[in-house]
>>> print(open('work_20.cif').read())   # mmCIF, C-alpha atoms and all ligand atoms
data_final
#
loop_
_atom_site.label_atom_id
_atom_site.label_comp_id
_atom_site.auth_asym_id
_atom_site.auth_seq_id
_atom_site.Cartn_x
_atom_site.Cartn_y
_atom_site.Cartn_z
CA MET I 1 16.76 47.28 14.67
CA VAL I 2 14.24 46.32 17.34
CA THR I 3 13.95 43.18 19.48
CA ILE I 4 10.49 41.66 19.46
CA ASN I 5 9.12 38.86 21.62
CA LEU I 6 7.77 35.79 19.87
CA ARG I 7 4.98 33.82 21.54
CA THR I 8 2.41 31.18 20.76
CA LYS I 9 -1.12 31.84 22.03
CA SER I 10 -1.43 28.66 24.07
CA PRO I 11 0.98 26.02 25.41
CA LYS I 12 -0.87 23.45 23.23
CA ALA I 13 0.14 25.36 20.09
CA LYS I 14 3.83 25.40 21.13
CA ILE I 15 6.38 25.61 18.30
CA SER I 16 9.47 23.75 19.47
CA ARG I 17 12.19 25.80 17.78
CA LEU I 18 10.54 29.22 18.22
CA PRO I 19 13.07 31.61 19.80
CA PRO I 20 11.72 33.84 22.61
CA THR I 21 13.05 36.99 20.92
CA LEU I 22 14.12 38.08 17.46
CA ASP I 23 16.01 41.12 16.20
CA ILE I 24 14.30 42.64 13.20
CA ASP I 25 14.58 45.61 10.92
CA ALA I 26 11.32 47.43 11.72
CA SER I 27 11.23 48.96 8.23
CA ALA I 28 11.33 45.58 6.45
CA THR I 29 8.34 43.69 5.07
CA VAL I 30 6.08 41.14 6.79
CA GLU I 31 7.43 38.54 4.36
CA SER I 32 10.99 39.05 5.61
CA LEU I 33 9.88 38.57 9.22
CA VAL I 34 7.98 35.41 8.25
CA ALA I 35 11.06 34.17 6.37
CA SER I 36 13.30 34.73 9.43
CA ILE I 37 10.90 32.81 11.67
CA SER I 38 10.62 30.08 9.05
CA GLU I 39 14.39 29.75 8.97
CA VAL I 40 14.75 29.22 12.71
CA THR I 41 11.65 27.09 13.22
CA LYS I 42 12.20 25.04 10.03
CA LEU I 43 8.48 25.44 9.25
CA GLY I 44 7.51 26.51 5.71
CA THR I 45 6.53 30.19 5.37
CA GLU I 46 3.03 29.21 4.16
CA ARG I 47 2.38 27.52 7.56
CA LEU I 48 3.10 30.63 9.63
CA ARG I 49 0.50 33.17 10.68
CA LEU I 50 1.54 36.23 12.68
CA THR I 51 -0.74 38.35 14.83
CA LEU I 52 -0.45 41.11 17.41
CA ILE I 53 -1.88 41.13 20.92
CA ASP I 54 -5.17 42.66 19.63
CA ASN I 55 -5.47 39.89 16.98
CA THR I 56 -4.43 42.21 14.10
CA ARG I 57 -2.91 39.99 11.44
CA LEU I 58 0.49 40.91 9.99
CA LEU I 59 -0.49 40.68 6.36
CA PRO I 60 1.92 39.59 3.66
CA GLY I 61 2.47 42.45 1.21
CA THR I 62 2.64 45.10 3.94
CA LEU I 63 5.53 46.86 5.67
CA LEU I 64 6.21 46.17 9.34
CA GLU I 65 6.15 49.95 9.94
CA LYS I 66 2.38 49.76 9.60
CA TYR I 67 2.21 47.74 12.84
CA ASP I 68 4.46 50.05 14.86
CA LEU I 69 6.67 47.26 16.22
CA GLN I 70 9.01 48.37 18.97
CA ASP I 71 11.41 46.76 21.45
CA ASN I 72 9.50 44.11 23.45
CA SER I 73 6.42 44.17 21.20
CA ILE I 74 4.80 40.76 21.24
CA VAL I 75 4.14 38.91 17.99
CA TYR I 76 2.11 35.74 18.19
CA VAL I 77 3.13 32.95 15.84
CA LYS I 78 0.71 30.23 14.80
CA ASP I 79 1.63 27.05 12.96
CA LEU I 80 -1.31 26.45 10.60
CA GLY I 81 -0.18 22.86 9.96
CA LEU I 82 0.62 21.14 6.70
CA GLN I 83 -0.64 23.26 3.79
CA VAL I 84 -1.86 22.42 0.31
CA SER I 85 -2.63 24.84 -2.49
CA TRP I 86 -6.24 25.89 -3.06
CA SER I 87 -6.02 24.59 -6.59
CA THR I 88 -5.06 21.11 -5.33
CA VAL I 89 -8.07 21.09 -3.01
CA PHE I 90 -10.38 22.09 -5.86
CA TYR I 91 -8.93 19.49 -8.26
CA ILE I 92 -9.59 16.77 -5.68
CA GLU I 93 -13.04 18.08 -4.72
CA TYR I 94 -14.30 18.15 -8.30
CA ALA I 95 -12.57 14.98 -9.51
CA GLY I 96 -14.58 12.93 -6.99
CA PRO I 97 -18.03 13.42 -8.54
CA ILE I 98 -16.63 12.83 -12.06
CA PHE I 99 -15.38 9.35 -11.16
CA ILE I 100 -18.32 8.54 -8.87
CA HIS I 101 -20.93 9.37 -11.54
CA LEU I 102 -19.07 7.42 -14.22
CA PHE I 103 -18.86 4.42 -11.89
CA PHE I 104 -22.53 4.41 -10.82
CA TYR I 105 -23.69 4.86 -14.40
CA ASN I 106 -21.43 2.26 -16.00
CA PHE I 107 -21.21 -0.48 -13.35
CA GLN I 108 -24.90 -1.15 -12.81
CA SER I 109 -24.52 -4.81 -11.90
CA ILE I 110 -22.08 -4.00 -9.08
CA VAL I 111 -24.15 -1.09 -7.76
CA TYR I 112 -27.75 -2.29 -8.33
CA GLY I 113 -27.23 -6.04 -8.81
CA LYS I 114 -28.66 -6.07 -12.36
CA THR I 115 -28.25 -4.55 -15.81
CA PHE I 116 -30.85 -2.32 -17.45
CA GLU I 117 -31.17 0.43 -20.03
CA HIS I 118 -30.90 3.97 -18.71
CA SER I 119 -33.57 6.54 -19.61
CA THR I 120 -32.74 9.54 -21.81
CA ILE I 121 -32.97 11.75 -18.73
CA GLN I 122 -30.48 9.61 -16.80
CA ALA I 123 -28.02 9.79 -19.72
CA THR I 124 -28.53 13.56 -19.94
CA VAL I 125 -28.05 14.12 -16.22
CA LEU I 126 -24.77 12.18 -16.41
CA ASP I 127 -23.56 14.38 -19.28
CA LEU I 128 -24.57 17.62 -17.54
CA ILE I 129 -22.90 16.66 -14.26
CA LEU I 130 -19.68 15.56 -16.00
CA LEU I 131 -19.62 18.79 -18.04
CA HIS I 132 -20.24 20.83 -14.89
CA TYR I 133 -17.30 19.37 -12.99
CA ILE I 134 -14.97 19.35 -16.02
CA LYS I 135 -15.79 23.07 -16.41
CA ARG I 136 -14.91 23.61 -12.75
CA GLU I 137 -11.56 21.80 -13.18
CA PHE I 138 -10.85 23.92 -16.27
CA GLU I 139 -11.71 27.14 -14.41
CA THR I 140 -9.48 26.17 -11.49
CA MET I 141 -6.62 25.60 -13.94
CA PHE I 142 -7.08 28.58 -16.27
CA VAL I 143 -9.54 31.16 -14.93
CA HIS I 144 -9.59 31.70 -11.15
CA ARG I 145 -6.97 33.88 -9.50
CA PHE I 146 -7.11 32.88 -5.84
CA SER I 147 -5.79 35.25 -3.19
CA ASN I 148 -5.01 32.56 -0.65
CA ALA I 149 -2.07 30.45 -1.74
CA SER I 150 -2.79 27.54 0.54
CA MET I 151 -5.08 26.03 3.15
CA PRO I 152 -4.57 23.35 5.83
CA ALA I 153 -4.32 19.90 4.24
CA LEU I 154 -7.00 18.60 6.61
CA TYR I 155 -9.56 20.82 4.86
CA ILE I 156 -9.38 18.52 1.83
CA ALA I 157 -11.50 15.94 3.63
CA ARG I 158 -13.97 18.52 4.97
CA ASN I 159 -14.42 20.33 1.65
CA SER I 160 -14.53 17.18 -0.44
CA ALA I 161 -17.21 15.60 1.72
CA HIS I 162 -19.78 18.10 0.43
CA TYR I 163 -19.12 17.22 -3.22
CA TRP I 164 -18.15 13.54 -2.94
CA LEU I 165 -21.00 12.52 -0.63
CA LEU I 166 -23.92 14.79 -1.54
CA SER I 167 -23.25 15.54 -5.20
CA GLY I 168 -21.37 12.27 -5.77
CA PHE I 169 -22.53 9.08 -4.05
CA LEU I 170 -26.02 10.11 -2.92
CA LEU I 171 -27.03 11.87 -6.12
CA ALA I 172 -25.56 9.22 -8.44
CA TYR I 173 -27.03 6.26 -6.56
CA PHE I 174 -30.62 7.48 -6.73
CA VAL I 175 -30.52 9.21 -10.12
CA TYR I 176 -29.08 6.22 -12.03
CA ALA I 177 -31.19 3.60 -10.21
CA PRO I 178 -33.45 1.32 -12.28
CA GLY I 179 -36.76 3.05 -13.01
CA ALA I 180 -35.61 6.50 -11.82
CA CYS I 181 -35.97 9.65 -13.98
CA SER I 182 -38.84 8.77 -16.32
CA ASP I 183 -39.04 10.66 -19.63
CA LEU I 184 -40.44 14.20 -19.84
CA PRO I 185 -42.38 15.90 -22.66
CA GLY I 186 -39.92 17.17 -25.30
CA PHE I 187 -40.48 20.88 -24.65
CA VAL I 188 -39.92 20.47 -20.91
CA TYR I 189 -36.80 18.37 -21.48
CA TYR I 190 -35.25 20.79 -24.00
CA GLY I 191 -36.34 23.79 -21.93
CA LEU I 192 -34.54 22.48 -18.83
CA VAL I 193 -31.40 21.57 -20.78
CA ALA I 194 -31.42 25.09 -22.28
CA LEU I 195 -31.84 26.58 -18.78
CA TRP I 196 -28.83 24.56 -17.59
CA VAL I 197 -26.69 25.70 -20.58
CA TYR I 198 -27.68 29.34 -19.98
CA ALA I 199 -26.88 29.10 -16.25
CA GLU I 200 -23.51 27.38 -16.73
CA PHE I 201 -22.47 29.77 -19.49
CA SER I 202 -23.47 32.75 -17.33
CA ASN I 203 -21.60 31.30 -14.35
CA PHE I 204 -18.51 31.01 -16.59
CA VAL I 205 -18.85 34.63 -17.77
CA THR I 206 -19.06 35.89 -14.18
CA HIS I 207 -15.90 33.92 -13.34
CA LEU I 208 -14.12 35.58 -16.27
CA ILE I 209 -15.21 38.99 -14.96
CA LEU I 210 -13.96 38.23 -11.44
CA SER I 211 -10.65 37.00 -12.81
CA SER I 212 -10.23 40.13 -14.94
CA LEU I 213 -10.40 42.30 -11.79
CA ARG I 214 -7.15 40.93 -10.43
CA PRO I 215 -3.82 41.34 -12.23
CA LYS I 216 -1.97 38.00 -12.28
CA GLY I 217 0.05 37.30 -9.15
CA THR I 218 -1.73 39.93 -7.03
CA THR I 219 -4.49 39.73 -4.42
CA GLN I 220 -6.19 42.96 -5.50
CA ARG I 221 -9.96 43.24 -5.07
CA LYS I 222 -12.20 45.58 -7.04
CA ILE I 223 -15.92 46.18 -7.46
CA PRO I 224 -17.18 43.88 -10.22
CA TYR I 225 -19.55 45.33 -12.85
CA GLY I 226 -21.42 43.90 -15.82
CA TYR I 227 -23.21 40.61 -16.51
CA GLY I 228 -25.34 39.91 -13.43
CA PHE I 229 -23.23 42.07 -11.13
CA SER I 230 -25.56 45.04 -11.63
CA LEU I 231 -28.24 43.08 -9.76
CA VAL I 232 -26.33 41.05 -7.20
CA SER I 233 -22.89 40.82 -5.60
CA CYS I 234 -22.51 37.11 -6.32
CA PRO I 235 -24.18 36.29 -9.67
CA ASN I 236 -21.76 33.35 -9.99
CA TYR I 237 -23.52 31.70 -7.02
CA PHE I 238 -26.96 32.59 -8.40
CA PHE I 239 -26.19 30.96 -11.77
CA GLU I 240 -24.63 27.93 -10.08
CA SER I 241 -27.82 27.47 -8.08
CA LEU I 242 -29.93 27.89 -11.23
CA ALA I 243 -27.93 25.20 -13.08
CA TRP I 244 -28.50 22.74 -10.24
CA LEU I 245 -32.18 23.64 -10.14
CA ALA I 246 -32.39 22.53 -13.78
CA VAL I 247 -30.82 19.19 -12.77
CA VAL I 248 -33.35 18.84 -9.93
CA LEU I 249 -36.29 19.45 -12.28
CA LEU I 250 -34.90 17.13 -14.93
CA SER I 251 -34.23 14.25 -12.55
CA ARG I 252 -37.07 14.92 -10.09
CA SER I 253 -34.90 13.14 -7.55
CA TRP I 254 -34.95 14.01 -3.83
CA SER I 255 -31.16 13.42 -3.73
CA ALA I 256 -30.62 16.12 -6.38
CA ALA I 257 -33.03 18.41 -4.49
CA LEU I 258 -31.12 17.83 -1.24
CA PHE I 259 -27.79 18.76 -2.87
CA TRP I 260 -29.38 21.83 -4.44
CA LEU I 261 -30.83 22.94 -1.10
CA VAL I 262 -27.61 22.45 0.84
CA SER I 263 -25.42 24.12 -1.79
CA THR I 264 -27.82 27.03 -2.31
CA ALA I 265 -28.05 27.58 1.45
CA THR I 266 -24.24 27.50 1.67
CA MET I 267 -23.82 29.94 -1.22
CA TYR I 268 -26.53 32.19 0.26
CA LYS I 269 -24.63 32.34 3.54
CA TRP I 270 -21.32 33.07 1.76
CA ALA I 271 -22.99 35.66 -0.51
CA LEU I 272 -24.33 37.60 2.51
CA LYS I 273 -20.82 37.72 3.94
CA LYS I 274 -19.24 38.79 0.63
CA HIS I 275 -21.98 41.39 0.11
CA SER I 276 -21.38 43.03 3.49
CA LYS I 277 -17.60 42.83 2.95
CA TYR I 278 -18.01 44.72 -0.35
CA LYS I 279 -20.19 47.37 1.32
CA HIS I 280 -17.64 47.80 4.09
CA GLU I 281 -14.55 47.70 1.85
CA PHE I 282 -15.92 50.07 -0.80
CA ALA I 283 -18.04 52.22 1.54
CA GLY I 284 -19.79 55.01 -0.35
CA LYS I 285 -18.80 53.60 -3.75
CA TYR I 286 -20.60 50.26 -3.72
CA PRO I 287 -23.83 50.27 -5.79
CA LYS I 288 -26.71 50.53 -3.30
CA ALA I 289 -29.33 48.66 -5.32
CA ARG I 290 -27.38 45.39 -5.47
CA LYS I 291 -28.67 42.42 -3.53
CA ALA I 292 -26.41 39.60 -2.31
CA ILE I 293 -27.40 36.64 -4.50
CA PHE I 294 -31.06 36.61 -5.60
CA PRO I 295 -31.96 39.57 -7.88
CA TYR I 296 -34.45 42.00 -6.23
CA ILE I 297 -34.90 39.61 -3.28
CA ALA I 298 -31.87 39.00 -1.05
N1 LIG I 301 -22.33 23.92 -5.45
C1 LIG I 301 -21.78 24.43 -4.37
O1 LIG I 301 -22.04 24.02 -3.26
C2 LIG I 301 -20.80 25.57 -4.52
C3 LIG I 301 -20.39 26.30 -3.39
C4 LIG I 301 -19.48 27.34 -3.58
C5 LIG I 301 -18.98 27.63 -4.84
N2 LIG I 301 -19.40 26.92 -5.92
C6 LIG I 301 -18.93 27.23 -7.30
O2 LIG I 301 -17.53 27.53 -7.27
C7 LIG I 301 -17.34 28.83 -7.83
C8 LIG I 301 -16.18 29.52 -7.11
O3 LIG I 301 -16.57 29.69 -5.75
P1 LIG I 301 -15.87 30.75 -4.79
O4 LIG I 301 -16.56 30.66 -3.47
O5 LIG I 301 -14.37 30.59 -4.86
O6 LIG I 301 -16.28 32.11 -5.56
P2 LIG I 301 -15.82 33.59 -5.27
O7 LIG I 301 -15.44 33.76 -3.85
O8 LIG I 301 -16.86 34.49 -5.82
O9 LIG I 301 -14.47 33.78 -6.08
C9 LIG I 301 -14.18 33.29 -7.34
C10 LIG I 301 -12.78 33.84 -7.68
O10 LIG I 301 -12.86 35.26 -7.90
C11 LIG I 301 -12.02 35.96 -6.99
N3 LIG I 301 -12.74 37.17 -6.57
C12 LIG I 301 -13.94 37.24 -5.94
N4 LIG I 301 -14.32 38.51 -5.75
C13 LIG I 301 -13.30 39.28 -6.24
C14 LIG I 301 -13.09 40.70 -6.32
N5 LIG I 301 -14.00 41.58 -5.86
N6 LIG I 301 -11.94 41.17 -6.90
C15 LIG I 301 -11.03 40.28 -7.38
N7 LIG I 301 -11.18 38.93 -7.34
C16 LIG I 301 -12.30 38.43 -6.77
C17 LIG I 301 -11.80 35.01 -5.84
O11 LIG I 301 -10.60 35.33 -5.19
P3 LIG I 301 -10.31 35.00 -3.63
O12 LIG I 301 -9.39 33.84 -3.66
O13 LIG I 301 -9.68 36.25 -3.13
O14 LIG I 301 -11.62 34.71 -2.95
C18 LIG I 301 -11.76 33.67 -6.56
O15 LIG I 301 -10.49 33.44 -7.13
C19 LIG I 301 -18.69 29.55 -7.63
O16 LIG I 301 -18.87 30.63 -8.50
C20 LIG I 301 -19.64 28.44 -7.89
O17 LIG I 301 -19.79 28.26 -9.29
C21 LIG I 301 -20.30 25.90 -5.77
#
>>> encode(input="work_20.cif", output="structure tokens")
Amino acid sequence: MVTINLRTKSPKAKISRLPPTLDIDASATVESLVASISEVTKLGTERLRLTLIDNTRLLPGTLLEKYDLQDNSIVYVKDLGLQVSWSTVFYIEYAGPIFIHLFFYNFQSIVYGKTFEHSTIQATVLDLILLHYIKREFETMFVHRFSNASMPALYIARNSAHYWLLSGFLLAYFVYAPGACSDLPGFVYYGLVALWVYAEFSNFVTHLILSSLRPKGTTQRKIPYGYGFSLVSCPNYFFESLAWLAVVLLSRSWSAALFWLVSTATMYKWALKKHSKYKHEFAGKYPKARKAIFPYIA
């Protein structure tokens, strides 16, 4: 047994019931230490984050021996605040655009002050956007295997804003407006719908591949191979961007273009990070020719 000191990093982040010291079995797991702190502080285990003086995180799934805790070692405890599961956040994020698009399309007199017949393109864009977000809900439920169990509840608002405002209200308002989205020649129309189907299907396949890398209930990470992964680290982002590009070209709306730009820039930034994490994590083994998101480019 060793006696460790428990601290919070700043007085602002004080945890009222946190004891100054705790006796622990240094050969136990990080989970058991978190559970002991949870018991005395009455805060759920998912809210607690433990770090050492050099900011090393005590990771769930590891033994405390790894961190060489001794008498008087300091462990910093952080209360991450109320947590919600990642799945919950995704369900809420994606449900927004589904309801917003249905509302703007079906309640014209409330939104635009008159009734009118939608163009074929407007009807198609509605279908594609509904299918896109229903697919995302389905994937959240049945495909993705997230490594993080939860995130702060406050993130719901931040994460949802991107989808609800940009891909929801702004896109729907301008795309379903009277006179917007005039018809296109048949071959262009069918070509763009086919591009969208190809991109969404490919995005789905890459999600299946990512999910197959991780046995259920684990947080394992492996190098993905196959469909798109031979060219880039994040083909799922590339195909997502391609699907939205098809919507931009179909609608020819600046609001769709704005959403596409913002989401592609976001995915580009994330892809660069994931790409360098792969190279670092699988040093020497990671395929050198792969780019981050855009084949042969970046
Ligand atoms: N339109 C937009 O603005 C926008 C922005 C972002 C995403 N999206 C869409 O949402 C989808 C999901 O996004 P995401 O950022 O969650 O994608 P992601 O980070 O690539 O991950 C998708 C899933 O695969 C897991 N995973 C990733 N790499 C893995 C590996 N090497 N080994 C094992 N499992 C791995 C992830 O687990 P972890 O929980 O461990 O990460 C996660 O559960 C995207 O593909 C895209 O279609 C859209």
>>> closest_residue(input="work_20.cif", among="I:Gly81, I:Gly168, I:Pro295, I:Gly179", to="ligand LIG 301 (chain I)", atoms="all atoms listed in the file")
I:Gly168
>>> atom_distance(input="work_20.cif", atom1="atom CA of Ile293 of chain I", atom2="atom N6 of ligand LIG 301 (chain I)")
16.3 Å
>>> residues_near_ligand(input="work_20.cif", ligand="ligand LIG 301 (chain I)", cutoff="8 Å", atoms="only C-alpha atoms and all ligand atoms", output="PDB file with C-alpha atoms, in the coordinates of the input")
ATOM      1  CA  ARG I 136     -14.910  23.610 -12.750  1.00  0.00           C
ATOM      2  CA  HIS I 144      -9.590  31.700 -11.150  1.00  0.00           C
ATOM      3  CA  ARG I 145      -6.970  33.880  -9.500  1.00  0.00           C
ATOM      4  CA  PHE I 146      -7.110  32.880  -5.840  1.00  0.00           C
ATOM      5  CA  SER I 147      -5.790  35.250  -3.190  1.00  0.00           C
ATOM      6  CA  ASN I 148      -5.010  32.560  -0.650  1.00  0.00           C
ATOM      7  CA  HIS I 162     -19.780  18.100   0.430  1.00  0.00           C
ATOM      8  CA  TYR I 163     -19.120  17.220  -3.220  1.00  0.00           C
ATOM      9  CA  ASN I 203     -21.600  31.300 -14.350  1.00  0.00           C
ATOM     10  CA  PHE I 204     -18.510  31.010 -16.590  1.00  0.00           C
ATOM     11  CA  THR I 206     -19.060  35.890 -14.180  1.00  0.00           C
ATOM     12  CA  HIS I 207     -15.900  33.920 -13.340  1.00  0.00           C
ATOM     13  CA  LEU I 210     -13.960  38.230 -11.440  1.00  0.00           C
ATOM     14  CA  SER I 211     -10.650  37.000 -12.810  1.00  0.00           C
ATOM     15  CA  SER I 212     -10.230  40.130 -14.940  1.00  0.00           C
ATOM     16  CA  LEU I 213     -10.400  42.300 -11.790  1.00  0.00           C
ATOM     17  CA  ARG I 214      -7.150  40.930 -10.430  1.00  0.00           C
ATOM     18  CA  THR I 219      -4.490  39.730  -4.420  1.00  0.00           C
ATOM     19  CA  GLN I 220      -6.190  42.960  -5.500  1.00  0.00           C
ATOM     20  CA  ARG I 221      -9.960  43.240  -5.070  1.00  0.00           C
ATOM     21  CA  LYS I 222     -12.200  45.580  -7.040  1.00  0.00           C
ATOM     22  CA  ILE I 223     -15.920  46.180  -7.460  1.00  0.00           C
ATOM     23  CA  PRO I 224     -17.180  43.880 -10.220  1.00  0.00           C
ATOM     24  CA  CYS I 234     -22.510  37.110  -6.320  1.00  0.00           C
ATOM     25  CA  PRO I 235     -24.180  36.290  -9.670  1.00  0.00           C
ATOM     26  CA  ASN I 236     -21.760  33.350  -9.990  1.00  0.00           C
ATOM     27  CA  TYR I 237     -23.520  31.700  -7.020  1.00  0.00           C
ATOM     28  CA  PHE I 239     -26.190  30.960 -11.770  1.00  0.00           C
ATOM     29  CA  GLU I 240     -24.630  27.930 -10.080  1.00  0.00           C
ATOM     30  CA  SER I 241     -27.820  27.470  -8.080  1.00  0.00           C
ATOM     31  CA  TRP I 244     -28.500  22.740 -10.240  1.00  0.00           C
ATOM     32  CA  PHE I 259     -27.790  18.760  -2.870  1.00  0.00           C
ATOM     33  CA  TRP I 260     -29.380  21.830  -4.440  1.00  0.00           C
ATOM     34  CA  VAL I 262     -27.610  22.450   0.840  1.00  0.00           C
ATOM     35  CA  SER I 263     -25.420  24.120  -1.790  1.00  0.00           C
ATOM     36  CA  THR I 264     -27.820  27.030  -2.310  1.00  0.00           C
ATOM     37  CA  THR I 266     -24.240  27.500   1.670  1.00  0.00           C
ATOM     38  CA  MET I 267     -23.820  29.940  -1.220  1.00  0.00           C
ATOM     39  CA  TRP I 270     -21.320  33.070   1.760  1.00  0.00           C
ATOM     40  CA  LYS I 274     -19.240  38.790   0.630  1.00  0.00           C
ATOM     41  CA  TYR I 278     -18.010  44.720  -0.350  1.00  0.00           C
TER      42      TYR I 278
END
>>> atom_distance(input="work_20.cif", atom1="atom CA of Ala123 of chain I", atom2="atom CA of Ala194 of chain I")
15.9 Å
>>> closest_residue(input="work_20.cif", among="I:Ala153, I:Leu131, I:Ala35, I:Ile53", to="Thr88 of chain I", atoms="all atoms listed in the file")
I:Ala153
>>> residues_around(input="work_20.cif", residues="Thr115 of chain I", least_positions_apart="3", cutoff="12 Å", atoms="all atoms listed in the file", output="NGL selection string")
:I and (104-112 or 118 or 176-179)
>>> residues_around(input="work_20.cif", residues="Ile4 of chain I", least_positions_apart="6", cutoff="6 Å", atoms="only C-alpha atoms", output="NGL selection string")
:I and (21-22 or 71-73)
>>> closest_atom_pairs(input="work_20.cif", of="segment 161-180 of chain I", to="segment 249-253 of chain I", cutoff="10 Å", atoms="only C-alpha atoms", output="tab-separated table")
residue	atom	partner	partner_atom	distance
I:Leu171	CA	I:Ser253	CA	8.1
I:Phe174	CA	I:Ser253	CA	7.1
I:Val175	CA	I:Ser253	CA	6.4
I:Tyr176	CA	I:Ser251	CA	9.6
I:Ala180	CA	I:Ser251	CA	7.9
>>> atom_distance(input="work_20.cif", atom1="atom CA of Gly217 of chain I", atom2="atom CA of Met151 of chain I")
17.5 Å
>>> residues_around(input="work_20.cif", residues="Leu166 of chain I", least_positions_apart="5", cutoff="12 Å", atoms="all atoms listed in the file", output="compact mmCIF listing (two decimals) with C-alpha atoms, in the frame of the given file")
# COMPACT_ATOMS: atom_id res chain seq x y z
CA GLU I 93 -13.04 18.08 -4.72
CA GLY I 96 -14.58 12.93 -6.99
CA PRO I 97 -18.03 13.42 -8.54
CA ILE I 100 -18.32 8.54 -8.87
CA HIS I 101 -20.93 9.37 -11.54
CA ASN I 159 -14.42 20.33 1.65
CA SER I 160 -14.53 17.18 -0.44
CA ALA I 161 -17.21 15.60 1.72
CA LEU I 171 -27.03 11.87 -6.12
CA ALA I 172 -25.56 9.22 -8.44
CA TYR I 173 -27.03 6.26 -6.56
CA PHE I 174 -30.62 7.48 -6.73
CA TRP I 254 -34.95 14.01 -3.83
CA SER I 255 -31.16 13.42 -3.73
CA ALA I 256 -30.62 16.12 -6.38
CA ALA I 257 -33.03 18.41 -4.49
CA LEU I 258 -31.12 17.83 -1.24
CA PHE I 259 -27.79 18.76 -2.87
CA TRP I 260 -29.38 21.83 -4.44
CA LEU I 261 -30.83 22.94 -1.10
CA VAL I 262 -27.61 22.45 0.84
CA SER I 263 -25.42 24.12 -1.79
>>> decode(input="work_20.cif", residues="segment 261-277 of chain I", atoms="N, CA and C atoms", output="compact mmCIF listing (two decimals), in the first residue's frame")
# COMPACT_ATOMS: atom_id res chain seq x y z
N LEU I 261 -17.65 24.04 -47.55
CA LEU I 261 -16.32 24.61 -47.27
C LEU I 261 -15.94 24.44 -45.81
N VAL I 262 -16.87 24.80 -44.92
CA VAL I 262 -16.57 24.73 -43.48
C VAL I 262 -16.33 23.28 -43.07
N SER I 263 -17.20 22.36 -43.55
CA SER I 263 -17.02 20.97 -43.10
C SER I 263 -15.78 20.34 -43.72
N THR I 264 -15.47 20.68 -44.98
CA THR I 264 -14.27 20.12 -45.59
C THR I 264 -13.01 20.67 -44.89
N ALA I 265 -13.04 21.95 -44.56
CA ALA I 265 -11.88 22.54 -43.84
C ALA I 265 -11.72 21.85 -42.49
N THR I 266 -12.84 21.61 -41.80
CA THR I 266 -12.79 20.95 -40.48
C THR I 266 -12.22 19.54 -40.63
N MET I 267 -12.76 18.80 -41.62
CA MET I 267 -12.29 17.41 -41.79
C MET I 267 -10.83 17.38 -42.22
N TYR I 268 -10.42 18.38 -43.02
CA TYR I 268 -9.01 18.46 -43.45
C TYR I 268 -8.10 18.61 -42.23
N LYS I 269 -8.52 19.53 -41.34
CA LYS I 269 -7.73 19.77 -40.12
C LYS I 269 -7.65 18.49 -39.27
N TRP I 270 -8.79 17.83 -39.10
CA TRP I 270 -8.82 16.59 -38.29
C TRP I 270 -8.00 15.49 -38.97
N ALA I 271 -8.09 15.43 -40.32
CA ALA I 271 -7.38 14.37 -41.04
C ALA I 271 -5.87 14.54 -40.87
N LEU I 272 -5.38 15.80 -40.91
CA LEU I 272 -3.94 16.02 -40.73
C LEU I 272 -3.49 15.50 -39.37
N LYS I 273 -4.32 15.77 -38.36
CA LYS I 273 -3.99 15.31 -37.00
C LYS I 273 -3.99 13.79 -36.93
N LYS I 274 -5.03 13.16 -37.51
CA LYS I 274 -5.13 11.69 -37.46
C LYS I 274 -3.98 11.06 -38.23
N HIS I 275 -3.64 11.67 -39.37
CA HIS I 275 -2.55 11.18 -40.20
C HIS I 275 -1.23 11.19 -39.42
N SER I 276 -0.94 12.30 -38.73
CA SER I 276 0.34 12.34 -38.02
C SER I 276 0.28 11.43 -36.79
N LYS I 277 -0.91 11.25 -36.21
CA LYS I 277 -1.02 10.31 -35.08
C LYS I 277 -0.73 8.88 -35.55
